[in-house]
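Source file: target-v8.pdb; contents: PDB, C-alpha atoms.
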MODEL        1
ATOM      1  CA  MET A 120    -121.495 -98.084 109.851  1.00  0.00           C
ATOM      2  CA  ALA A 121    -118.617 -96.652 111.931  1.00  0.00           C
ATOM      3  CA  ASN A 122    -116.086 -98.223 109.538  1.00  0.00           C
ATOM      4  CA  THR A 123    -117.752 -96.612 106.552  1.00  0.00           C
ATOM      5  CA  GLY A 124    -117.531 -93.234 108.257  1.00  0.00           C
ATOM      6  CA  ARG A 125    -113.877 -93.729 109.153  1.00  0.00           C
ATOM      7  CA  ARG A 126    -113.046 -94.994 105.665  1.00  0.00           C
ATOM      8  CA  GLU A 127    -114.723 -91.986 104.064  1.00  0.00           C
ATOM      9  CA  ARG A 128    -112.936 -89.602 106.437  1.00  0.00           C
ATOM     10  CA  ARG A 129    -109.599 -91.219 105.542  1.00  0.00           C
ATOM     11  CA  LYS A 130    -110.367 -90.910 101.833  1.00  0.00           C
ATOM     12  CA  ARG A 131    -111.248 -87.240 102.224  1.00  0.00           C
ATOM     13  CA  GLU A 132    -108.134 -86.612 104.312  1.00  0.00           C
ATOM     14  CA  THR A 133    -105.895 -88.349 101.762  1.00  0.00           C
ATOM     15  CA  ARG A 134    -107.479 -86.369  98.933  1.00  0.00           C
ATOM     16  CA  ARG A 135    -107.095 -83.091 100.874  1.00  0.00           C
ATOM     17  CA  LYS A 136    -103.440 -83.900 101.544  1.00  0.00           C
ATOM     18  CA  LEU A 137    -102.836 -84.727  97.871  1.00  0.00           C
ATOM     19  CA  ASP A 138    -104.484 -81.469  96.784  1.00  0.00           C
ATOM     20  CA  GLU A 139    -102.386 -79.415  99.218  1.00  0.00           C
ATOM     21  CA  VAL A 140     -99.120 -81.127  98.295  1.00  0.00           C
ATOM     22  CA  ALA A 141     -99.800 -80.852  94.566  1.00  0.00           C
ATOM     23  CA  LEU A 142    -100.690 -77.167  94.758  1.00  0.00           C
ATOM     24  CA  ARG A 143     -97.601 -76.373  96.836  1.00  0.00           C
ATOM     25  CA  LEU A 144     -95.316 -78.270  94.440  1.00  0.00           C
ATOM     26  CA  PHE A 145     -96.946 -76.720  91.361  1.00  0.00           C
ATOM     27  CA  LEU A 146     -96.526 -73.237  92.812  1.00  0.00           C
ATOM     28  CA  GLU A 147     -92.895 -73.923  93.770  1.00  0.00           C
ATOM     29  CA  HIS A 148     -91.770 -75.717  90.590  1.00  0.00           C
ATOM     30  CA  GLY A 149     -94.406 -74.969  87.970  1.00  0.00           C
ATOM     31  CA  TYR A 150     -97.043 -77.416  86.844  1.00  0.00           C
ATOM     32  CA  ASP A 151     -94.871 -78.991  84.161  1.00  0.00           C
ATOM     33  CA  GLY A 152     -91.949 -79.283  86.588  1.00  0.00           C
ATOM     34  CA  VAL A 153     -93.785 -81.713  88.889  1.00  0.00           C
ATOM     35  CA  THR A 154     -94.508 -85.404  88.279  1.00  0.00           C
ATOM     36  CA  VAL A 155     -97.208 -87.590  89.734  1.00  0.00           C
ATOM     37  CA  ALA A 156     -94.462 -89.651  91.386  1.00  0.00           C
ATOM     38  CA  GLN A 157     -93.113 -86.536  93.132  1.00  0.00           C
ATOM     39  CA  ILE A 158     -96.577 -85.664  94.421  1.00  0.00           C
ATOM     40  CA  ALA A 159     -97.117 -89.209  95.694  1.00  0.00           C
ATOM     41  CA  GLU A 160     -93.709 -89.278  97.371  1.00  0.00           C
ATOM     42  CA  GLU A 161     -94.241 -85.903  99.045  1.00  0.00           C
ATOM     43  CA  ALA A 162     -97.683 -87.020 100.241  1.00  0.00           C
ATOM     44  CA  ASP A 163     -96.172 -90.309 101.489  1.00  0.00           C
ATOM     45  CA  ILE A 164     -98.447 -92.548  99.426  1.00  0.00           C
ATOM     46  CA  SER A 165     -97.912 -94.828  96.455  1.00  0.00           C
ATOM     47  CA  VAL A 166     -98.542 -93.723  92.899  1.00  0.00           C
ATOM     48  CA  ALA A 167    -101.243 -96.412  92.698  1.00  0.00           C
ATOM     49  CA  THR A 168    -102.987 -94.890  95.719  1.00  0.00           C
ATOM     50  CA  LEU A 169    -102.747 -91.438  94.159  1.00  0.00           C
ATOM     51  CA  PHE A 170    -104.452 -92.716  90.995  1.00  0.00           C
ATOM     52  CA  ALA A 171    -107.080 -94.486  93.104  1.00  0.00           C
ATOM     53  CA  HIS A 172    -108.011 -91.071  94.503  1.00  0.00           C
ATOM     54  CA  VAL A 173    -107.438 -89.097  91.304  1.00  0.00           C
ATOM     55  CA  PRO A 174    -107.870 -91.337  88.240  1.00  0.00           C
ATOM     56  CA  ASP A 175    -107.797 -88.332  85.873  1.00  0.00           C
ATOM     57  CA  GLY A 176    -104.167 -87.554  86.719  1.00  0.00           C
ATOM     58  CA  LYS A 177    -102.394 -84.570  88.145  1.00  0.00           C
ATOM     59  CA  GLU A 178    -104.699 -81.963  86.555  1.00  0.00           C
ATOM     60  CA  ALA A 179    -107.525 -83.238  88.730  1.00  0.00           C
ATOM     61  CA  LEU A 180    -105.533 -82.484  91.891  1.00  0.00           C
ATOM     62  CA  ILE A 181    -106.236 -78.778  91.425  1.00  0.00           C
ATOM     63  CA  PHE A 182    -109.999 -79.175  90.958  1.00  0.00           C
ATOM     64  CA  ASP A 183    -112.893 -80.856  92.689  1.00  0.00           C
ATOM     65  CA  ASP A 184    -114.892 -83.444  90.755  1.00  0.00           C
ATOM     66  CA  GLY A 185    -117.055 -80.786  89.108  1.00  0.00           C
ATOM     67  CA  SER A 186    -120.129 -81.458  91.214  1.00  0.00           C
ATOM     68  CA  GLU A 187    -119.931 -78.045  92.925  1.00  0.00           C
ATOM     69  CA  ARG A 188    -119.661 -76.390  89.529  1.00  0.00           C
ATOM     70  CA  ARG A 189    -122.703 -78.279  88.169  1.00  0.00           C
ATOM     71  CA  ALA A 190    -124.769 -77.561  91.274  1.00  0.00           C
ATOM     72  CA  GLY A 191    -123.717 -73.904  91.265  1.00  0.00           C
ATOM     73  CA  ILE A 192    -124.654 -73.156  87.676  1.00  0.00           C
ATOM     74  CA  VAL A 193    -128.020 -74.886  88.033  1.00  0.00           C
ATOM     75  CA  ALA A 194    -128.713 -73.061  91.307  1.00  0.00           C
ATOM     76  CA  ALA A 195    -127.843 -69.761  89.598  1.00  0.00           C
ATOM     77  CA  LEU A 196    -130.739 -70.388  87.232  1.00  0.00           C
ATOM     78  CA  ARG A 197    -133.235 -71.881  89.630  1.00  0.00           C
ATOM     79  CA  ASP A 198    -132.669 -69.408  92.486  1.00  0.00           C
ATOM     80  CA  ARG A 199    -132.607 -66.301  90.325  1.00  0.00           C
ATOM     81  CA  LYS A 200    -134.700 -63.173  90.542  1.00  0.00           C
ATOM     82  CA  GLU A 201    -133.295 -61.700  87.320  1.00  0.00           C
ATOM     83  CA  PRO A 202    -133.415 -62.821  83.666  1.00  0.00           C
ATOM     84  CA  ILE A 203    -131.571 -66.033  82.788  1.00  0.00           C
ATOM     85  CA  LEU A 204    -128.578 -64.433  81.068  1.00  0.00           C
ATOM     86  CA  GLU A 205    -128.113 -61.907  83.868  1.00  0.00           C
ATOM     87  CA  ALA A 206    -128.122 -64.741  86.427  1.00  0.00           C
ATOM     88  CA  LEU A 207    -125.516 -66.678  84.437  1.00  0.00           C
ATOM     89  CA  HIS A 208    -123.377 -63.556  84.059  1.00  0.00           C
ATOM     90  CA  LYS A 209    -123.488 -62.990  87.836  1.00  0.00           C
ATOM     91  CA  PHE A 210    -122.590 -66.640  88.437  1.00  0.00           C
ATOM     92  CA  PHE A 211    -119.462 -66.454  86.278  1.00  0.00           C
ATOM     93  CA  ALA A 212    -118.493 -62.959  87.470  1.00  0.00           C
ATOM     94  CA  ALA A 213    -118.115 -64.300  91.018  1.00  0.00           C
ATOM     95  CA  ARG A 214    -115.694 -67.046  89.952  1.00  0.00           C
ATOM     96  CA  GLY A 215    -112.061 -67.497  88.989  1.00  0.00           C
ATOM     97  CA  PRO A 216    -110.430 -64.890  86.797  1.00  0.00           C
ATOM     98  CA  TYR A 217    -113.518 -62.640  86.802  1.00  0.00           C
ATOM     99  CA  SER A 218    -113.868 -62.153  90.536  1.00  0.00           C
ATOM    100  CA  THR A 219    -112.424 -59.085  92.175  1.00  0.00           C
ATOM    101  CA  GLU A 220    -113.340 -60.459  95.594  1.00  0.00           C
ATOM    102  CA  ILE A 221    -111.302 -63.665  95.522  1.00  0.00           C
ATOM    103  CA  PRO A 222    -109.579 -64.238  98.861  1.00  0.00           C
ATOM    104  CA  PRO A 223    -105.835 -63.481  98.590  1.00  0.00           C
ATOM    105  CA  GLU A 224    -104.941 -67.050  99.573  1.00  0.00           C
ATOM    106  CA  HIS A 225    -106.855 -68.374  96.512  1.00  0.00           C
ATOM    107  CA  ALA A 226    -105.219 -66.027  93.996  1.00  0.00           C
ATOM    108  CA  PRO A 227    -102.073 -68.170  93.434  1.00  0.00           C
ATOM    109  CA  LYS A 228    -104.206 -71.213  92.578  1.00  0.00           C
ATOM    110  CA  ARG A 229    -106.413 -69.171  90.237  1.00  0.00           C
ATOM    111  CA  ASP A 230    -103.334 -67.700  88.547  1.00  0.00           C
ATOM    112  CA  LEU A 231    -101.766 -71.158  88.180  1.00  0.00           C
ATOM    113  CA  ILE A 232    -104.907 -72.421  86.438  1.00  0.00           C
ATOM    114  CA  VAL A 233    -105.153 -69.412  84.126  1.00  0.00           C
ATOM    115  CA  GLN A 234    -101.444 -69.603  83.193  1.00  0.00           C
ATOM    116  CA  THR A 235    -101.241 -73.382  82.653  1.00  0.00           C
ATOM    117  CA  PRO A 236    -102.671 -74.733  79.379  1.00  0.00           C
ATOM    118  CA  ALA A 237    -103.202 -78.276  80.736  1.00  0.00           C
ATOM    119  CA  LEU A 238    -105.140 -76.926  83.727  1.00  0.00           C
ATOM    120  CA  ARG A 239    -107.231 -74.593  81.546  1.00  0.00           C
ATOM    121  CA  GLU A 240    -108.101 -77.548  79.310  1.00  0.00           C
ATOM    122  CA  TYR A 241    -109.074 -79.656  82.305  1.00  0.00           C
ATOM    123  CA  ALA A 242    -111.252 -76.792  83.590  1.00  0.00           C
ATOM    124  CA  ARG A 243    -112.845 -76.626  80.150  1.00  0.00           C
ATOM    125  CA  ARG A 244    -113.700 -80.330  80.341  1.00  0.00           C
ATOM    126  CA  LEU A 245    -115.221 -79.774  83.782  1.00  0.00           C
ATOM    127  CA  TRP A 246    -117.369 -76.952  82.407  1.00  0.00           C
ATOM    128  CA  HIS A 247    -118.475 -79.144  79.512  1.00  0.00           C
ATOM    129  CA  SER A 248    -119.498 -81.854  81.975  1.00  0.00           C
ATOM    130  CA  CYS A 249    -122.176 -79.398  83.183  1.00  0.00           C
ATOM    131  CA  GLU A 250    -123.958 -79.415  79.829  1.00  0.00           C
ATOM    132  CA  PRO A 251    -126.724 -81.968  80.590  1.00  0.00           C
ATOM    133  CA  GLU A 252    -127.704 -80.288  83.861  1.00  0.00           C
ATOM    134  CA  LEU A 253    -127.479 -76.780  82.400  1.00  0.00           C
ATOM    135  CA  THR A 254    -129.508 -77.772  79.330  1.00  0.00           C
ATOM    136  CA  GLU A 255    -132.226 -79.238  81.520  1.00  0.00           C
ATOM    137  CA  ALA A 256    -132.294 -76.185  83.805  1.00  0.00           C
ATOM    138  CA  LEU A 257    -132.419 -73.799  80.834  1.00  0.00           C
ATOM    139  CA  ALA A 258    -135.287 -75.802  79.358  1.00  0.00           C
ATOM    140  CA  GLU A 259    -137.227 -75.759  82.632  1.00  0.00           C
ATOM    141  CA  GLU A 260    -136.633 -72.042  83.163  1.00  0.00           C
ATOM    142  CA  SER A 261    -137.460 -71.061  79.582  1.00  0.00           C
ATOM    143  CA  GLY A 262    -140.360 -73.423  79.001  1.00  0.00           C
ATOM    144  CA  LEU A 263    -138.657 -74.829  75.896  1.00  0.00           C
ATOM    145  CA  PRO A 264    -137.933 -78.531  75.425  1.00  0.00           C
ATOM    146  CA  PRO A 265    -134.416 -79.674  76.410  1.00  0.00           C
ATOM    147  CA  ASP A 266    -133.706 -80.793  72.842  1.00  0.00           C
ATOM    148  CA  ALA A 267    -134.613 -77.399  71.358  1.00  0.00           C
ATOM    149  CA  PRO A 268    -131.622 -76.160  69.335  1.00  0.00           C
ATOM    150  CA  ALA A 269    -131.741 -72.755  71.041  1.00  0.00           C
ATOM    151  CA  VAL A 270    -131.546 -74.342  74.504  1.00  0.00           C
ATOM    152  CA  ARG A 271    -128.723 -76.683  73.545  1.00  0.00           C
ATOM    153  CA  ALA A 272    -126.816 -73.920  71.761  1.00  0.00           C
ATOM    154  CA  LEU A 273    -127.109 -71.508  74.681  1.00  0.00           C
ATOM    155  CA  ALA A 274    -125.952 -74.164  77.159  1.00  0.00           C
ATOM    156  CA  ARG A 275    -122.985 -75.113  75.022  1.00  0.00           C
ATOM    157  CA  PHE A 276    -121.981 -71.519  74.326  1.00  0.00           C
ATOM    158  CA  VAL A 277    -122.308 -70.454  77.965  1.00  0.00           C
ATOM    159  CA  LEU A 278    -120.023 -73.308  78.987  1.00  0.00           C
ATOM    160  CA  GLU A 279    -117.388 -72.113  76.488  1.00  0.00           C
ATOM    161  CA  ILE A 280    -117.321 -68.615  77.998  1.00  0.00           C
ATOM    162  CA  PRO A 281    -114.633 -69.343  80.642  1.00  0.00           C
ATOM    163  CA  ASP A 282    -112.304 -70.713  77.969  1.00  0.00           C
ATOM    164  CA  LEU A 283    -113.017 -67.811  75.604  1.00  0.00           C
ATOM    165  CA  THR A 284    -112.612 -65.015  78.145  1.00  0.00           C
ATOM    166  CA  GLY A 285    -110.630 -66.306  81.136  1.00  0.00           C
ATOM    167  CA  THR A 286    -107.208 -65.389  79.760  1.00  0.00           C
ATOM    168  CA  ALA A 287    -108.180 -62.020  78.258  1.00  0.00           C
ATOM    169  CA  PRO A 288    -106.199 -58.994  79.507  1.00  0.00           C
ATOM    170  CA  ASP A 289    -109.372 -57.916  81.342  1.00  0.00           C
ATOM    171  CA  PRO A 290    -111.363 -61.116  81.938  1.00  0.00           C
ATOM    172  CA  ALA A 291    -114.304 -59.311  83.581  1.00  0.00           C
ATOM    173  CA  ALA A 292    -114.661 -56.948  80.620  1.00  0.00           C
ATOM    174  CA  ALA A 293    -114.418 -59.870  78.188  1.00  0.00           C
ATOM    175  CA  LEU A 294    -117.076 -61.738  80.169  1.00  0.00           C
ATOM    176  CA  ALA A 295    -119.351 -58.672  80.096  1.00  0.00           C
ATOM    177  CA  SER A 296    -118.877 -58.275  76.339  1.00  0.00           C
ATOM    178  CA  VAL A 297    -119.891 -61.882  75.672  1.00  0.00           C
ATOM    179  CA  PHE A 298    -122.997 -61.584  77.820  1.00  0.00           C
ATOM    180  CA  ALA A 299    -123.842 -58.261  76.133  1.00  0.00           C
ATOM    181  CA  LEU A 300    -123.665 -60.101  72.819  1.00  0.00           C
ATOM    182  CA  LEU A 301    -125.944 -62.836  74.124  1.00  0.00           C
ATOM    183  CA  GLU A 302    -128.379 -60.259  75.508  1.00  0.00           C
ATOM    184  CA  SER A 303    -128.654 -58.361  72.238  1.00  0.00           C
ATOM    185  CA  GLY A 304    -128.075 -61.125  69.728  1.00  0.00           C
ATOM    186  CA  TRP A 305    -125.648 -60.948  66.855  1.00  0.00           C
ATOM    187  CA  PRO A 306    -125.519 -57.472  65.289  1.00  0.00           C
ATOM    188  CA  PRO A 307    -127.263 -57.256  61.900  1.00  0.00           C
ATOM    189  CA  ARG A 308    -125.128 -56.817  58.798  1.00  0.00           C
ATOM    190  CA  SER A 309    -124.637 -53.301  57.597  1.00  0.00           C
TER
ENDMDL
END

Encoded form using structure tokens:
Amino acid sequence: MANTGRRERRKRETRRKLDEVALRLFLEHGYDGVTVAQIAEEADISVATLFAHVPDGKEALIFDDGSERRAGIVAALRDRKEPILEALHKFFAARGPYSTEIPPEHAPKRDLIVQTPALREYARRLWHSCEPELTEALAEESGLPPDAPAVRALARFVLEIPDLTGTAPDPAAALASVFALLESGWPPRS
């Protein structure tokens, strides 16, 4: 049992070190100016070890595995006191490019993600990985079946919102406009 604990601590420490080294190098040289080999060398591990910890490649070094994201969006629905769409809006508004309360030390990482197409695409894939859990939570909260087209469509659209609005000149305003659209429905034709 003690070995398992030590092994897990070493894995977490190696992953933390890789994340820190990668972020520092990306901020110093730009994402495209850094190779996986450079990250491994700077972290004093082999490239094979790096890929053992991060099989998805260097994009994954900036993000967690998505589990926090999945748990967070589901908790936003299940722990809410407000309507579903308002809870989802609040959840997104507190994250990434929408948040006005991001700690200053996290701003460079957020800006790197927003300004780097490969990192934005990886973030998009992480959001999409939340679809099964979000669909199930929306179904439970709405009383509709999980395979109802409205439930599936809302889940899928909500998970596209960061990609649609995160690089807007005013991301928070863009986020608010999308949720206003969802709240009211599509305007009727004139």

**Request:** May I ask which of the residues A:Tyr217, A:Phe276, A:Phe182, A:Phe210 is the closest one to Tyr241 in chain A, counting only C-alpha atoms?
**Result:**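 Nearest to Tyr241 in chain A: A:Phe182.
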
**Request:** For Gly191 in chain A, please output as a list in words all residues within 12 Å (counting only C-alpha atoms; exclusion window: fewer than 3 positions along the same chain).
**Result:** Gly185, Ser186, Glu187, Arg188, Ala194, Ala195, Leu196, Arg197, Asp198, Arg199, Ala206, Leu207, Lys209, Phe210, Phe211, Ala213, Arg214, Trp246, Cys249, Glu252, Leu253 and Ala256 of chain A

Any chance you could export the current selection's C-alpha atoms as a compact mmCIF listing (two decimals), in the coordinates of the input?
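Output below, filename part.txt:
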# COMPACT_ATOMS: atom_id res chain seq x y z
CA GLY A 185 -117.06 -80.79 89.11
CA SER A 186 -120.13 -81.46 91.21
CA GLU A 187 -119.93 -78.04 92.92
CA ARG A 188 -119.66 -76.39 89.53
CA ALA A 194 -128.71 -73.06 91.31
CA ALA A 195 -127.84 -69.76 89.60
CA LEU A 196 -130.74 -70.39 87.23
CA ARG A 197 -133.24 -71.88 89.63
CA ASP A 198 -132.67 -69.41 92.49
CA ARG A 199 -132.61 -66.30 90.32
CA ALA A 206 -128.12 -64.74 86.43
CA LEU A 207 -125.52 -66.68 84.44
CA LYS A 209 -123.49 -62.99 87.84
CA PHE A 210 -122.59 -66.64 88.44
CA PHE A 211 -119.46 -66.45 86.28
CA ALA A 213 -118.12 -64.30 91.02
CA ARG A 214 -115.69 -67.05 89.95
CA TRP A 246 -117.37 -76.95 82.41
CA CYS A 249 -122.18 -79.40 83.18
CA GLU A 252 -127.70 -80.29 83.86
CA LEU A 253 -127.48 -76.78 82.40
CA ALA A 256 -132.29 -76.18 83.80

**Asked** Do you know which residues are at most 7 Å from range 279-285 of chain A counting all atoms listed in the file, after dropping those on the same chain fewer than 4 positions away, and could you put them as a PyMOL selection string?
**Response** chain A and resi 216+233+243+275+290+293-294

I need the chosen residues saved as an mmCIF file, keeping the file's coordinate frame, with C-alpha atoms.
data_model
loop_
_atom_site.group_PDB
_atom_site.id
_atom_site.type_symbol
_atom_site.label_atom_id
_atom_site.label_comp_id
_atom_site.auth_asym_id
_atom_site.auth_seq_id
_atom_site.Cartn_x
_atom_site.Cartn_y
_atom_site.Cartn_z
ATOM 1 C CA PRO A 216 -110.430 -64.890 86.797
ATOM 2 C CA VAL A 233 -105.153 -69.412 84.126
ATOM 3 C CA ARG A 243 -112.845 -76.626 80.150
ATOM 4 C CA ARG A 275 -122.985 -75.113 75.022
ATOM 5 C CA PRO A 290 -111.363 -61.116 81.938
ATOM 6 C CA ALA A 293 -114.418 -59.870 78.188
ATOM 7 C CA LEU A 294 -117.076 -61.738 80.169
#

**Request:** Taking the file above as input, evaluate the PyMOL selection byres ((chain A and resi 148-160) around 8) and report the hits as a list in words.
**Result:**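 Evaluating the PyMOL selection byres ((chain A and resi 148-160) around 8) on these coordinates yields Leu137, Val140, Ala141, Leu144, Phe145, Leu146, Glu147, Glu161, Ala162, Asp163, Ile164, Ser165, Val166, Leu169, Gly176, Lys177, Leu231 and Thr235 of chain A.
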
**Item:** Among the residues A:Arg271, A:Arg134, A:Arg125, A:His208, the one that comes closest to Ala291 in chain A [using all atoms listed in the file]
**Value:**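 Closest to Ala291 in chain A of all the choices is A:His208.
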
Centre, edges in Å (one decimal): axis-aligned box, range 212-227 of chain A, 4 Å padding on all six sides, as JSON:
{"center_x": -110.3, "center_y": -63.7, "center_z": 93.2, "size_x": 24.4, "size_y": 17.3, "size_z": 20.8}

**Request:** Would you mind reading off the distance between CA of Pro265 in chain A and CA of Arg189 in chain A, one decimal, in Å?
**Result:** 16.7 Å

**Message:** Under the PyMOL selection byres ((chain A and resi 273) around 10), which residues of this model are included? Write them out as an NGL selection string.
**Reply:** :A and (204 or 250 or 253-254 or 257 or 268-272 or 274-279 or 301)

**Complete:** Between A:Ala190, A:Ala179, A:Ile221, A:Ile203, smallest distance to Arg239 in chain A by all atoms listed in the file belongs to A:Ala179

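Closest approach to Glu302 in chain A from the set A:Pro174, A:Gly124, A:Pro264, A:Pro202 is made by A:Pro202, with distances taken over only C-alpha atoms.
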
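For the pair CA of Gly262 in chain A and CA of Val193 in chain A, the interatomic distance is 15.4 Å.
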
Please produce range 255-264 of chain A, completed to all heavy atoms, as a compact mmCIF listing (two decimals), in the coordinates of the input.
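Output (selection-v8.txt):
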# COMPACT_ATOMS: atom_id res chain seq x y z
N GLU A 255 -130.95 -78.94 80.87
CA GLU A 255 -132.23 -79.24 81.52
C GLU A 255 -132.75 -78.03 82.30
O GLU A 255 -133.92 -77.69 82.23
CB GLU A 255 -132.09 -80.44 82.45
CG GLU A 255 -133.42 -80.86 83.02
CD GLU A 255 -133.36 -82.21 83.70
OE1 GLU A 255 -132.72 -83.12 83.16
OE2 GLU A 255 -133.99 -82.33 84.77
N ALA A 256 -131.88 -77.36 83.03
CA ALA A 256 -132.29 -76.18 83.80
C ALA A 256 -132.74 -75.06 82.88
O ALA A 256 -133.75 -74.39 83.16
CB ALA A 256 -131.16 -75.72 84.72
N LEU A 257 -132.01 -74.83 81.79
CA LEU A 257 -132.42 -73.80 80.83
C LEU A 257 -133.78 -74.12 80.23
O LEU A 257 -134.62 -73.23 80.05
CB LEU A 257 -131.38 -73.65 79.72
CG LEU A 257 -130.10 -72.92 80.06
CD1 LEU A 257 -129.06 -73.10 78.96
CD2 LEU A 257 -130.37 -71.44 80.32
N ALA A 258 -133.99 -75.39 79.92
CA ALA A 258 -135.29 -75.80 79.36
C ALA A 258 -136.41 -75.55 80.36
O ALA A 258 -137.45 -74.97 80.02
CB ALA A 258 -135.24 -77.28 78.96
N GLU A 259 -136.20 -75.96 81.60
CA GLU A 259 -137.23 -75.76 82.63
C GLU A 259 -137.52 -74.28 82.84
O GLU A 259 -138.68 -73.88 82.96
CB GLU A 259 -136.79 -76.38 83.95
CG GLU A 259 -136.80 -77.89 83.95
CD GLU A 259 -136.18 -78.48 85.21
OE1 GLU A 259 -135.91 -77.74 86.18
OE2 GLU A 259 -135.95 -79.71 85.21
N GLU A 260 -136.46 -73.47 82.89
CA GLU A 260 -136.63 -72.04 83.16
C GLU A 260 -137.23 -71.28 81.98
O GLU A 260 -137.88 -70.27 82.16
CB GLU A 260 -135.30 -71.42 83.59
CG GLU A 260 -134.78 -71.94 84.91
CD GLU A 260 -135.71 -71.63 86.09
OE1 GLU A 260 -136.19 -70.50 86.21
OE2 GLU A 260 -135.97 -72.57 86.87
N SER A 261 -136.97 -71.76 80.77
CA SER A 261 -137.46 -71.06 79.58
C SER A 261 -138.79 -71.59 79.08
O SER A 261 -139.46 -70.94 78.28
CB SER A 261 -136.42 -71.15 78.46
OG SER A 261 -136.33 -72.49 78.00
N GLY A 262 -139.14 -72.81 79.50
CA GLY A 262 -140.36 -73.42 79.00
C GLY A 262 -140.19 -74.11 77.65
O GLY A 262 -141.14 -74.60 77.08
N LEU A 263 -138.95 -74.15 77.16
CA LEU A 263 -138.66 -74.83 75.90
C LEU A 263 -138.25 -76.27 76.18
O LEU A 263 -137.77 -76.58 77.27
CB LEU A 263 -137.53 -74.10 75.16
CG LEU A 263 -137.83 -72.68 74.70
CD1 LEU A 263 -136.54 -72.00 74.23
CD2 LEU A 263 -138.86 -72.70 73.60
N PRO A 264 -138.38 -77.15 75.21
CA PRO A 264 -137.93 -78.53 75.42
C PRO A 264 -136.41 -78.61 75.49
O PRO A 264 -135.71 -77.81 74.84
CB PRO A 264 -138.47 -79.30 74.21
CG PRO A 264 -138.82 -78.27 73.20
CD PRO A 264 -139.04 -76.97 73.91
